[in-house]
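Below: final21.csv (CSV, C-alpha atoms and all ligand atoms)
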```csv
chain,number,residue,atom,x,y,z
A,1,MET,CA,9.1,16.0,13.1
A,2,ARG,CA,6.3,18.2,11.8
A,3,SER,CA,3.2,18.5,14.0
A,4,ALA,CA,0.2,16.5,12.6
A,5,LYS,CA,-1.6,19.9,12.7
A,6,ASP,CA,0.7,21.3,10.1
A,7,PHE,CA,0.7,18.4,7.8
A,8,PHE,CA,-1.9,19.8,5.5
A,9,ARG,CA,-0.6,23.3,5.4
A,10,PRO,CA,0.9,24.4,2.1
A,11,LEU,CA,4.7,24.4,2.3
A,12,ALA,CA,4.9,27.8,0.6
A,13,LEU,CA,2.8,30.9,0.8
A,14,GLY,CA,0.3,30.9,-2.1
A,15,ALA,CA,0.7,27.2,-2.9
A,16,PRO,CA,-2.5,25.2,-3.2
A,17,GLU,CA,-3.7,23.2,-0.1
A,18,PRO,CA,-2.6,19.6,-0.1
A,19,LEU,CA,-5.3,17.0,-0.7
A,20,ARG,CA,-6.5,15.0,2.3
A,21,GLU,CA,-7.2,11.9,0.3
A,22,ILE,CA,-5.7,10.7,-2.9
A,23,PRO,CA,-8.6,10.0,-5.3
A,24,PHE,CA,-8.5,6.7,-7.1
A,25,ARG,CA,-8.3,7.4,-10.8
A,26,PRO,CA,-8.0,4.5,-13.3
A,27,SER,CA,-4.3,4.0,-14.1
A,28,ARG,CA,-4.1,0.5,-15.4
A,29,MET,CA,-1.3,1.5,-17.7
A,30,ILE,CA,1.1,4.3,-17.3
A,31,HIS,CA,2.2,4.6,-20.9
A,32,PHE,CA,5.7,5.9,-21.3
A,33,PHE,CA,6.7,8.1,-24.3
A,34,PRO,CA,10.0,9.8,-25.0
A,35,ALA,CA,9.2,13.5,-25.0
A,36,SER,CA,12.3,14.2,-27.1
A,37,ASN,CA,11.0,12.1,-30.1
A,38,PRO,CA,8.8,14.2,-32.4
A,39,LYS,CA,7.5,11.0,-34.2
A,40,MET,CA,6.2,9.5,-30.9
A,41,VAL,CA,4.8,12.9,-29.8
A,42,ALA,CA,2.9,13.2,-33.0
A,43,LYS,CA,1.1,9.9,-32.2
A,44,LEU,CA,-0.2,11.2,-28.7
A,45,PRO,CA,-3.6,12.6,-29.7
A,46,GLU,CA,-4.5,9.2,-31.2
A,47,LEU,CA,-3.0,7.3,-28.2
A,48,ALA,CA,-4.5,9.4,-25.4
A,49,PRO,CA,-8.0,8.0,-25.5
A,50,LYS,CA,-6.6,4.4,-25.4
A,51,VAL,CA,-4.6,4.8,-22.2
A,52,ASP,CA,-5.3,5.8,-18.6
A,53,VAL,CA,-2.0,7.7,-18.1
A,54,LEU,CA,0.4,9.3,-20.6
A,55,LEU,CA,3.9,9.8,-19.1
A,56,ALA,CA,6.5,12.0,-20.7
A,57,ASN,CA,9.8,10.3,-19.8
A,58,LEU,CA,12.8,12.5,-19.2
A,59,GLU,CA,14.9,10.0,-17.3
A,60,ASP,CA,16.6,6.6,-18.2
A,61,GLY,CA,16.1,5.7,-21.9
A,62,VAL,CA,16.6,9.3,-22.9
A,63,PRO,CA,20.3,9.8,-23.9
A,64,ALA,CA,22.2,12.5,-22.1
A,65,THR,CA,22.5,14.5,-25.3
A,66,ASP,CA,18.6,14.6,-25.6
A,67,LYS,CA,17.8,15.7,-22.0
A,68,ASP,CA,17.1,19.3,-23.0
A,69,ALA,CA,15.0,18.3,-26.0
A,70,ALA,CA,13.0,15.9,-23.8
A,71,ARG,CA,12.3,18.7,-21.3
A,72,GLN,CA,11.2,21.0,-24.1
A,73,GLY,CA,9.1,18.1,-25.5
A,74,LEU,CA,7.3,17.9,-22.1
A,75,ILE,CA,6.5,21.6,-22.3
A,76,ASP,CA,5.3,21.4,-25.9
A,77,VAL,CA,3.1,18.3,-25.2
A,78,GLY,CA,1.7,19.9,-22.0
A,79,ARG,CA,0.8,23.1,-24.0
A,80,ASN,CA,-0.5,21.5,-27.2
A,81,VAL,CA,-1.9,18.0,-26.7
A,82,ASP,CA,-5.5,17.5,-25.7
A,83,PHE,CA,-5.5,14.7,-23.2
A,84,GLY,CA,-9.3,14.4,-22.7
A,85,GLY,CA,-9.8,12.4,-19.5
A,86,THR,CA,-6.4,10.8,-19.7
A,87,GLN,CA,-3.9,11.7,-16.9
A,88,PHE,CA,-0.7,13.5,-17.8
A,89,TRP,CA,2.4,12.5,-15.8
A,90,THR,CA,6.1,13.0,-16.2
A,91,ARG,CA,9.2,11.1,-15.0
A,92,VAL,CA,11.9,13.6,-14.1
A,93,ASN,CA,15.6,12.8,-13.8
A,94,SER,CA,16.8,11.7,-10.4
A,95,LEU,CA,17.6,14.2,-7.6
A,96,ASP,CA,21.3,13.5,-7.8
A,97,SER,CA,21.5,14.0,-11.6
A,98,PRO,CA,22.5,17.3,-13.4
A,99,TRP,CA,19.0,17.5,-14.9
A,100,GLY,CA,16.5,16.8,-12.0
A,101,LEU,CA,16.2,20.3,-10.8
A,102,ASP,CA,15.6,21.9,-14.2
A,103,ASP,CA,13.1,19.1,-15.0
A,104,ILE,CA,11.0,19.8,-11.9
A,105,VAL,CA,11.2,23.6,-12.4
A,106,ALA,CA,10.0,23.2,-16.0
A,107,ALA,CA,7.3,20.7,-15.2
A,108,VAL,CA,5.7,22.8,-12.5
A,109,THR,CA,6.1,26.3,-13.9
A,110,GLU,CA,5.5,25.6,-17.6
A,111,VAL,CA,2.9,22.9,-17.6
A,112,GLY,CA,1.9,22.5,-13.9
A,113,HIS,CA,-1.7,23.5,-14.7
A,114,ARG,CA,-2.0,20.4,-16.9
A,115,LEU,CA,0.2,17.9,-15.0
A,116,ASP,CA,-1.3,15.4,-12.6
A,117,VAL,CA,1.7,13.6,-11.2
A,118,ILE,CA,5.5,13.9,-11.1
A,119,MET,CA,7.3,10.5,-10.9
A,120,ILE,CA,10.6,10.7,-8.9
A,121,PRO,CA,13.1,8.0,-9.6
A,122,LYS,CA,15.5,6.4,-7.2
A,123,VAL,CA,13.8,7.7,-4.1
A,124,GLU,CA,15.8,6.4,-1.1
A,125,GLY,CA,14.0,7.9,1.9
A,126,ALA,CA,11.6,10.5,3.3
A,127,GLU,CA,14.3,13.2,2.9
A,128,ASP,CA,14.0,12.9,-0.9
A,129,ILE,CA,10.2,13.5,-0.8
A,130,HIS,CA,10.6,16.3,1.7
A,131,TYR,CA,13.0,18.1,-0.7
A,132,VAL,CA,10.7,17.8,-3.7
A,133,ASP,CA,7.6,18.6,-1.6
A,134,ARG,CA,8.9,22.0,-0.6
A,135,LEU,CA,10.4,22.8,-4.0
A,136,VAL,CA,7.2,21.9,-5.8
A,137,ALA,CA,5.2,24.1,-3.3
A,138,GLN,CA,7.4,27.0,-4.0
A,139,LEU,CA,7.1,26.5,-7.7
A,140,GLU,CA,3.3,26.0,-7.5
A,141,ALA,CA,3.1,29.3,-5.7
A,142,LYS,CA,5.2,31.0,-8.3
A,143,ALA,CA,3.1,29.6,-11.1
A,144,LYS,CA,-0.1,30.4,-9.2
A,145,LEU,CA,-1.4,26.9,-9.6
A,146,GLU,CA,-4.8,26.1,-8.0
A,147,ARG,CA,-4.5,22.4,-7.5
A,148,PRO,CA,-1.5,20.5,-6.0
A,149,ILE,CA,0.7,18.3,-8.2
A,150,LEU,CA,1.0,14.8,-6.8
A,151,LEU,CA,4.2,12.8,-6.4
A,152,HIS,CA,4.9,9.2,-7.3
A,153,ALA,CA,8.2,7.5,-6.2
A,154,ILE,CA,10.0,4.6,-8.0
A,155,LEU,CA,11.3,2.0,-5.6
A,156,GLU,CA,14.6,1.0,-7.1
A,157,THR,CA,17.3,0.9,-4.4
A,158,ALA,CA,17.7,-1.3,-1.5
A,159,ARG,CA,17.5,1.7,0.8
A,160,GLY,CA,14.3,2.8,-0.8
A,161,VAL,CA,12.8,-0.6,-0.1
A,162,ALA,CA,14.1,-0.5,3.5
A,163,ASN,CA,12.4,2.9,3.9
A,164,VAL,CA,9.3,2.2,1.9
A,165,GLU,CA,6.8,3.0,4.7
A,166,GLU,CA,8.4,6.4,5.5
A,167,ILE,CA,8.5,7.3,1.8
A,168,CYS,CA,4.8,6.6,1.5
A,169,ALA,CA,4.0,8.7,4.6
A,170,ALA,CA,6.4,11.6,3.8
A,171,SER,CA,3.9,14.0,2.2
A,172,PRO,CA,0.2,14.3,1.5
A,173,ARG,CA,1.3,14.7,-2.1
A,174,MET,CA,2.3,11.0,-2.3
A,175,GLN,CA,0.1,9.3,-4.9
A,176,GLY,CA,1.8,6.0,-5.2
A,177,LEU,CA,4.9,3.8,-5.8
A,178,SER,CA,6.1,1.8,-8.7
A,179,LEU,CA,8.5,-1.1,-8.6
A,180,GLY,CA,11.7,-0.3,-10.6
A,181,PRO,CA,13.0,-3.8,-11.1
A,182,ALA,CA,16.0,-3.0,-13.4
A,183,ASP,CA,17.6,-0.4,-11.2
A,184,LEU,CA,16.6,-2.3,-8.0
A,185,ALA,CA,18.3,-5.4,-9.3
A,186,ALA,CA,21.5,-3.5,-10.0
A,187,ASN,CA,21.5,-1.7,-6.7
A,188,ARG,CA,20.9,-4.9,-4.8
A,189,ARG,CA,23.6,-6.8,-6.7
A,190,MET,CA,21.1,-9.3,-7.9
A,191,LYS,CA,22.6,-11.4,-10.7
A,192,THR,CA,20.1,-10.7,-13.4
A,193,THR,CA,20.5,-8.7,-16.6
A,194,ARG,CA,16.8,-8.1,-17.4
A,195,VAL,CA,14.2,-5.3,-17.1
A,196,GLY,CA,11.7,-7.0,-14.8
A,197,GLY,CA,10.2,-10.5,-15.1
A,198,GLY,CA,11.5,-13.7,-13.7
A,199,HIS,CA,14.6,-15.7,-14.0
A,200,PRO,CA,14.8,-19.5,-14.9
A,201,ASP,CA,17.4,-20.1,-12.2
A,202,TYR,CA,15.3,-18.7,-9.3
A,203,LEU,CA,13.4,-21.9,-8.5
A,204,VAL,CA,12.4,-24.6,-6.1
A,205,ARG,CA,12.8,-28.3,-6.9
A,206,GLN,CA,10.8,-31.2,-6.0
A,207,ASP,CA,12.3,-33.5,-3.3
A,208,PRO,CA,14.3,-36.5,-4.6
A,209,ILE,CA,12.0,-39.3,-5.9
A,210,ASP,CA,12.8,-42.5,-3.9
A,211,GLY,CA,15.8,-40.8,-2.5
A,212,ASP,CA,17.5,-40.5,-5.9
A,213,ILE,CA,18.8,-36.9,-6.3
A,214,ASN,CA,19.3,-37.5,-10.0
A,215,SER,CA,15.6,-38.5,-10.6
A,216,GLN,CA,13.4,-36.4,-12.9
A,217,ARG,CA,12.4,-33.8,-10.3
A,218,ALA,CA,9.9,-31.1,-11.2
A,219,ILE,CA,11.2,-27.5,-10.9
A,220,TYR,CA,9.0,-24.5,-10.3
A,221,GLN,CA,10.2,-21.0,-11.3
A,222,GLN,CA,9.6,-18.5,-8.5
A,223,ASP,CA,8.7,-14.8,-8.7
A,224,LEU,CA,11.8,-12.7,-8.0
A,225,TRP,CA,9.6,-9.7,-7.2
A,226,HIS,CA,7.1,-11.2,-4.8
A,227,TYR,CA,8.7,-9.9,-1.6
A,228,THR,CA,9.2,-6.4,-2.9
A,229,ILE,CA,5.7,-6.0,-4.5
A,230,ALA,CA,4.0,-7.4,-1.3
A,231,ARG,CA,5.9,-4.9,0.9
A,232,MET,CA,5.2,-2.1,-1.5
A,233,VAL,CA,1.4,-2.9,-1.5
A,234,ASP,CA,1.2,-2.9,2.3
A,235,ALA,CA,3.1,0.4,2.6
A,236,CYS,CA,0.9,2.0,0.0
A,237,GLN,CA,-2.4,0.7,1.3
A,238,SER,CA,-1.6,1.7,4.8
A,239,ASN,CA,-1.0,5.2,3.6
A,240,GLY,CA,-4.0,5.5,1.3
A,241,ILE,CA,-1.9,5.5,-1.9
A,242,PHE,CA,-1.5,3.2,-4.9
A,243,ALA,CA,1.0,0.5,-5.9
A,244,TYR,CA,2.1,-0.3,-9.5
A,245,TYR,CA,4.3,-2.9,-11.1
A,246,GLY,CA,6.9,-1.1,-13.2
A,247,PRO,CA,8.5,-2.0,-16.6
A,248,PHE,CA,8.6,-5.4,-18.4
A,249,GLY,CA,11.4,-5.1,-20.9
A,250,ASP,CA,10.8,-8.3,-23.0
A,251,ILE,CA,8.3,-6.7,-25.3
A,252,ALA,CA,8.0,-9.8,-27.5
A,253,ASP,CA,7.2,-12.1,-24.6
A,254,VAL,CA,3.6,-10.9,-24.2
A,255,VAL,CA,2.8,-14.1,-22.2
A,256,ALA,CA,5.3,-13.6,-19.5
A,257,CYS,CA,4.4,-9.9,-19.4
A,258,GLU,CA,0.8,-10.8,-18.8
A,259,ASP,CA,1.8,-13.2,-16.0
A,260,GLN,CA,4.0,-10.6,-14.3
A,261,PHE,CA,1.2,-8.0,-14.5
A,262,ARG,CA,-1.4,-10.4,-13.2
A,263,ASN,CA,0.8,-11.4,-10.2
A,264,ALA,CA,1.0,-7.7,-9.3
A,265,TYR,CA,-2.8,-7.2,-9.9
A,266,LEU,CA,-3.6,-10.2,-7.6
A,267,LEU,CA,-1.3,-8.9,-4.9
A,268,GLY,CA,-3.1,-5.5,-4.9
A,269,CYS,CA,-1.4,-3.3,-7.5
A,270,VAL,CA,-3.7,-1.0,-9.6
A,271,GLY,CA,-1.5,-0.8,-12.8
A,272,ALA,CA,1.8,-1.2,-14.5
A,273,TRP,CA,4.0,0.7,-17.0
A,274,SER,CA,3.5,0.1,-20.7
A,275,LEU,CA,6.6,0.6,-22.8
A,276,HIS,CA,5.1,-0.5,-26.1
A,277,PRO,CA,1.6,-0.4,-27.6
A,278,THR,CA,1.3,-4.2,-27.2
A,279,GLN,CA,1.5,-3.8,-23.4
A,280,ILE,CA,-1.4,-1.3,-23.3
A,281,GLU,CA,-3.9,-4.1,-24.2
A,282,ILE,CA,-2.2,-6.5,-21.7
A,283,ALA,CA,-2.5,-4.0,-18.9
A,284,ARG,CA,-6.1,-3.1,-19.8
A,285,ARG,CA,-7.1,-6.8,-19.7
A,286,VAL,CA,-5.2,-7.7,-16.6
A,287,PHE,CA,-6.0,-4.7,-14.4
A,288,SER,CA,-9.7,-4.7,-15.2
A,289,PRO,CA,-11.5,-7.3,-13.1
A,290,ASP,CA,-12.4,-10.4,-15.0
A,291,ILE,CA,-16.0,-10.7,-16.1
A,292,ALA,CA,-16.4,-14.0,-14.2
A,293,ASP,CA,-15.1,-12.4,-11.0
A,294,VAL,CA,-17.5,-9.4,-11.4
A,295,ARG,CA,-20.4,-11.8,-11.9
A,296,HIS,CA,-19.5,-13.8,-8.8
A,297,ALA,CA,-18.9,-10.7,-6.7
A,298,ARG,CA,-22.3,-9.4,-7.6
A,299,ARG,CA,-23.9,-12.7,-6.6
A,300,VAL,CA,-22.1,-12.8,-3.3
A,301,ILE,CA,-23.1,-9.2,-2.5
A,302,ALA,CA,-26.7,-9.8,-3.4
A,303,ALA,CA,-26.8,-13.1,-1.3
A,304,MET,CA,-25.2,-11.5,1.7
A,305,GLY,CA,-27.9,-8.8,2.2
A,306,ASP,CA,-26.6,-6.4,4.9
A,307,GLY,CA,-23.1,-8.0,4.5
A,308,THR,CA,-23.1,-9.8,7.9
A,309,GLY,CA,-23.4,-13.5,8.7
A,310,ALA,CA,-22.7,-16.4,6.4
A,311,VAL,CA,-24.3,-18.0,3.3
A,312,MET,CA,-23.5,-21.0,1.2
A,313,LEU,CA,-23.2,-20.3,-2.5
A,314,ASP,CA,-22.2,-23.1,-5.0
A,315,GLY,CA,-21.0,-25.2,-2.1
A,316,LYS,CA,-18.7,-22.4,-0.7
A,317,MET,CA,-19.0,-20.4,2.5
A,318,GLU,CA,-19.3,-16.7,2.0
A,319,ASP,CA,-19.2,-14.3,5.0
A,320,ASP,CA,-18.5,-10.7,6.1
A,321,ALA,CA,-14.8,-11.0,4.9
A,322,SER,CA,-15.5,-12.5,1.5
A,323,VAL,CA,-18.2,-10.0,0.8
A,324,LYS,CA,-15.6,-7.2,1.5
A,325,GLN,CA,-13.3,-8.7,-1.1
A,326,CYS,CA,-16.2,-8.8,-3.5
A,327,ARG,CA,-16.9,-5.1,-2.8
A,328,VAL,CA,-13.3,-4.2,-3.6
A,329,MET,CA,-13.8,-6.0,-7.0
A,330,ILE,CA,-17.1,-4.3,-7.8
A,331,GLU,CA,-15.9,-0.8,-6.8
A,332,LEU,CA,-12.9,-1.2,-9.1
A,333,ALA,CA,-15.1,-2.6,-11.9
A,334,ASN,CA,-17.5,0.4,-11.5
A,335,GLU,CA,-14.7,2.9,-11.5
A,336,LEU,CA,-13.1,1.4,-14.6
A,337,ALA,CA,-16.5,1.1,-16.4
A,338,ALA,CA,-17.1,4.8,-15.8
A,339,ARG,CA,-13.9,5.6,-17.7
A,340,ASP,CA,-13.7,2.8,-20.3
A,341,PRO,CA,-16.7,2.2,-22.6
A,342,GLU,CA,-15.4,-1.2,-23.7
A,343,VAL,CA,-15.1,-2.4,-20.1
A,344,ALA,CA,-18.5,-1.0,-19.3
A,345,ALA,CA,-20.0,-2.8,-22.3
A,346,LEU,CA,-18.4,-6.1,-21.1
A,347,TYR,CA,-19.8,-5.8,-17.6
A,348,ALA,CA,-23.2,-4.8,-19.0
A,349,THR,CA,-23.5,-8.3,-20.5
A,350,ILE,CA,-23.6,-9.9,-17.1
A,351,GLU,CA,-27.1,-11.3,-16.4
A,352,GLU,CA,-28.4,-10.7,-12.9
A,353,ASN,CA,-29.6,-13.8,-11.2
B,401,LIG,C1,12.7,1.4,-13.8
B,401,LIG,O1,13.0,2.6,-13.8
B,401,LIG,C2,13.6,0.4,-13.5
B,401,LIG,O2,14.7,0.7,-13.1
B,401,LIG,O3,13.2,-0.8,-13.6
B,402,MG,MG,15.0,2.9,-13.2
```
In structure tokens, how does this file's structure come out?
Amino acid sequence: MRSAKDFFRPLALGAPEPLREIPFRPSRMIHFFPASNPKMVAKLPELAPKVDVLLANLEDGVPATDKDAARQGLIDVGRNVDFGGTQFWTRVNSLDSPWGLDDIVAAVTEVGHRLDVIMIPKVEGAEDIHYVDRLVAQLEAKAKLERPILLHAILETARGVANVEEICAASPRMQGLSLGPADLAANRRMKTTRVGGGHPDYLVRQDPIDGDINSQRAIYQQDLWHYTIARMVDACQSNGIFAYYGPFGDIADVVACEDQFRNAYLLGCVGAWSLHPTQIEIARRVFSPDIADVRHARRVIAAMGDGTGAVMLDGKMEDDASVKQCRVMIELANELAARDPEVAALYATIEEN
């Protein structure tokens, strides 16, 4: 085990110092684009101001025959596209693939000065992060980068979930985790064939009515991802990093997508992936605090004065703990308003009372 004293020392001579805290940057939607597709790349300047994160995807979804083109696309985008205040991330191929190493080398040495985060898929334990941590430090030193590139792991194997706490704590570079429901389902031998979302057969059923098991008993579909998201949120929060829901593959079902994103938001996630422009708006709506919540949170904070004790507001008890929840809401609202003029304009309509 490395001494705590060494934890913030660069892992290569000349590499930038690791950050001591991962800054919160709005990332309600991590918008995926295939870097090998020139048509999609041509749309990026128009898309950049509408999303919090643009991610050049090199991994799944890119055919094996296009892997080199996608890597080159990442380099071209990093050199030529103006991202403004939008973050630039990439998802590289997995560490056990024939492309992962070349992806990381290209990302850091060719466009490392523009890149904020490298997303590493199929992370199984701290050893994967340690490997990338050292490699990235060596490459940062070689490329003379002045700020460290952060790492984001996708949780998409059973072993990754079992090791989630050590993954989050493995390096000061760790920025966050995403749930990868499609790969995770396959790896766990779950009997689903979807990319994220629920399943109609995963349910609970009302007790028999008057003892008749064949009576009309209500059924309630359950969230397949509740356990994993909750674990992921606790692991991230206890390590000062951020949790994200991943992909929702049924692009046409905007209703269920919104529900899945909202469950993640309520449990503590800060964003989700958008795979299609329709999902950008959903993520913006869901991961920005609702205007009624912001209004209520401001009232509670005002009523609670120094934040201690208890008050009654609209028949409900508010105290030290509820005011803390309200502060979480207001901090997020302020951070998002500073980035997104539409959200700022919405919150500005709240009347103080
Ligand atoms: C994402 O990569 C997933 O496997 O769901
Ligand atoms: Mg995956």
> Can you list, as a list of chain:residue names, every protein, DNA or RNA residue that comes within 10 Å of stretch 266-269 of chain A when you count all atoms listed in the file, leaving out same-chain residues fewer than 2 positions away?
Replying inline: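 Listed by chain and then number, they are A:Arg28, A:Leu177, A:Ser178, A:His226, A:Ile229, A:Ala230, A:Met232, A:Val233, A:Asp234, A:Cys236, A:Gln237, A:Phe242, A:Ala243, A:Tyr244, A:Tyr245, A:Phe261, A:Arg262, A:Asn263, A:Ala264, A:Gly271, A:Ala272, A:Val286, A:Phe287.
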Could you give me, as a short mmCIF file (atom, residue, chain, number, x, y, z; two decimals) with C-alpha atoms, in the coordinates of the input, every polymer residue with an atom at most 10 Å away from an atom of ligand MG 402 (chain B), counting all atoms listed in the file?
```
data_model
loop_
_atom_site.label_atom_id
_atom_site.label_comp_id
_atom_site.auth_asym_id
_atom_site.auth_seq_id
_atom_site.Cartn_x
_atom_site.Cartn_y
_atom_site.Cartn_z
CA GLU A 59 14.90 10.00 -17.30
CA ASP A 60 16.60 6.60 -18.20
CA GLY A 61 16.10 5.70 -21.90
CA ASN A 93 15.60 12.80 -13.80
CA SER A 94 16.80 11.70 -10.40
CA ILE A 120 10.60 10.70 -8.90
CA PRO A 121 13.10 8.00 -9.60
CA LYS A 122 15.50 6.40 -7.20
CA ILE A 154 10.00 4.60 -8.00
CA LEU A 155 11.30 2.00 -5.60
CA GLU A 156 14.60 1.00 -7.10
CA THR A 157 17.30 0.90 -4.40
CA LEU A 179 8.50 -1.10 -8.60
CA GLY A 180 11.70 -0.30 -10.60
CA PRO A 181 13.00 -3.80 -11.10
CA ALA A 182 16.00 -3.00 -13.40
CA ASP A 183 17.60 -0.40 -11.20
CA LEU A 184 16.60 -2.30 -8.00
CA ALA A 185 18.30 -5.40 -9.30
CA ALA A 186 21.50 -3.50 -10.00
CA VAL A 195 14.20 -5.30 -17.10
CA GLY A 246 6.90 -1.10 -13.20
CA PRO A 247 8.50 -2.00 -16.60
#
```
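Our summary of the geometry notes that atom CA of A:Arg173 is positioned 23.6 Å from atom CA of A:Tyr265.
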> Distance atom CA of A:Ala48-atom CA of A:Phe248, one decimal place?
Replying inline: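 Computing it gives 21.0 Å between the two atoms.
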> Which residues, protein or nucleic acid, reach to within 12 Å of (-28.7, -14.8, -0.8) in the file's coordinates when using only C-alpha atoms, and can you give that as a ChimeraX atom specification?
Replying inline: /A:298-314,317-319,323,353
> Using only C-alpha atoms, which residues sit within 10 Å of A:Ala126 once same-chain residues fewer than 4 positions away are excluded, as a PyMOL selection string?
Replying inline: chain A and resi 130-131+160+163-171
> Of the candidates A:Arg284, A:Arg9, A:Lys316, A:Arg188, which one gets nearest to ligand LIG 401 (chain B) if we count all atoms listed in the file?
Replying inline: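 Nearest candidate to ligand LIG 401 (chain B) out of A:Arg284, A:Arg9, A:Lys316, A:Arg188: A:Arg188.
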> In terms of the shortest atom-to-atom distance over all atoms listed in the file, which of A:Pro341, A:Gly197, A:Pro18, A:Pro63 is closest to ligand LIG 401 (chain B)?
Replying inline: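 Of the candidates, the smallest distance to ligand LIG 401 (chain B) is held by A:Gly197.
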Residues within 12 Å of (11.3, 21.9, -11.0), counting all atoms listed in the file, listed as a PDB file with C-alpha atoms, in the frame of the given file:
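Here's the written file selection02.pdb:
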```pdb
ATOM      1  CA  ARG A  71      12.300  18.700 -21.300  1.00  0.00           C
ATOM      2  CA  THR A  90       6.100  13.000 -16.200  1.00  0.00           C
ATOM      3  CA  ARG A  91       9.200  11.100 -15.000  1.00  0.00           C
ATOM      4  CA  VAL A  92      11.900  13.600 -14.100  1.00  0.00           C
ATOM      5  CA  ASN A  93      15.600  12.800 -13.800  1.00  0.00           C
ATOM      6  CA  SER A  94      16.800  11.700 -10.400  1.00  0.00           C
ATOM      7  CA  LEU A  95      17.600  14.200  -7.600  1.00  0.00           C
ATOM      8  CA  TRP A  99      19.000  17.500 -14.900  1.00  0.00           C
ATOM      9  CA  GLY A 100      16.500  16.800 -12.000  1.00  0.00           C
ATOM     10  CA  LEU A 101      16.200  20.300 -10.800  1.00  0.00           C
ATOM     11  CA  ASP A 102      15.600  21.900 -14.200  1.00  0.00           C
ATOM     12  CA  ASP A 103      13.100  19.100 -15.000  1.00  0.00           C
ATOM     13  CA  ILE A 104      11.000  19.800 -11.900  1.00  0.00           C
ATOM     14  CA  VAL A 105      11.200  23.600 -12.400  1.00  0.00           C
ATOM     15  CA  ALA A 106      10.000  23.200 -16.000  1.00  0.00           C
ATOM     16  CA  ALA A 107       7.300  20.700 -15.200  1.00  0.00           C
ATOM     17  CA  VAL A 108       5.700  22.800 -12.500  1.00  0.00           C
ATOM     18  CA  THR A 109       6.100  26.300 -13.900  1.00  0.00           C
ATOM     19  CA  GLU A 110       5.500  25.600 -17.600  1.00  0.00           C
ATOM     20  CA  VAL A 111       2.900  22.900 -17.600  1.00  0.00           C
ATOM     21  CA  GLY A 112       1.900  22.500 -13.900  1.00  0.00           C
ATOM     22  CA  ILE A 118       5.500  13.900 -11.100  1.00  0.00           C
ATOM     23  CA  ILE A 120      10.600  10.700  -8.900  1.00  0.00           C
ATOM     24  CA  TYR A 131      13.000  18.100  -0.700  1.00  0.00           C
ATOM     25  CA  VAL A 132      10.700  17.800  -3.700  1.00  0.00           C
ATOM     26  CA  ASP A 133       7.600  18.600  -1.600  1.00  0.00           C
ATOM     27  CA  ARG A 134       8.900  22.000  -0.600  1.00  0.00           C
ATOM     28  CA  LEU A 135      10.400  22.800  -4.000  1.00  0.00           C
ATOM     29  CA  VAL A 136       7.200  21.900  -5.800  1.00  0.00           C
ATOM     30  CA  ALA A 137       5.200  24.100  -3.300  1.00  0.00           C
ATOM     31  CA  GLN A 138       7.400  27.000  -4.000  1.00  0.00           C
ATOM     32  CA  LEU A 139       7.100  26.500  -7.700  1.00  0.00           C
ATOM     33  CA  GLU A 140       3.300  26.000  -7.500  1.00  0.00           C
ATOM     34  CA  LYS A 142       5.200  31.000  -8.300  1.00  0.00           C
ATOM     35  CA  ALA A 143       3.100  29.600 -11.100  1.00  0.00           C
ATOM     36  CA  ILE A 149       0.700  18.300  -8.200  1.00  0.00           C
TER      37      ILE A 149
END
```
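In this structure, atom CA of A:Val161 sits 13.2 Å away from atom O2 of ligand LIG 401 (chain B).
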> Which is closest to ligand LIG 401 (chain B) among A:Thr193, A:Asn334, A:Gln222, A:Asn214, if we use only C-alpha atoms and all ligand atoms?
Replying inline: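 Result for the nearest residue to ligand LIG 401 (chain B): A:Thr193.
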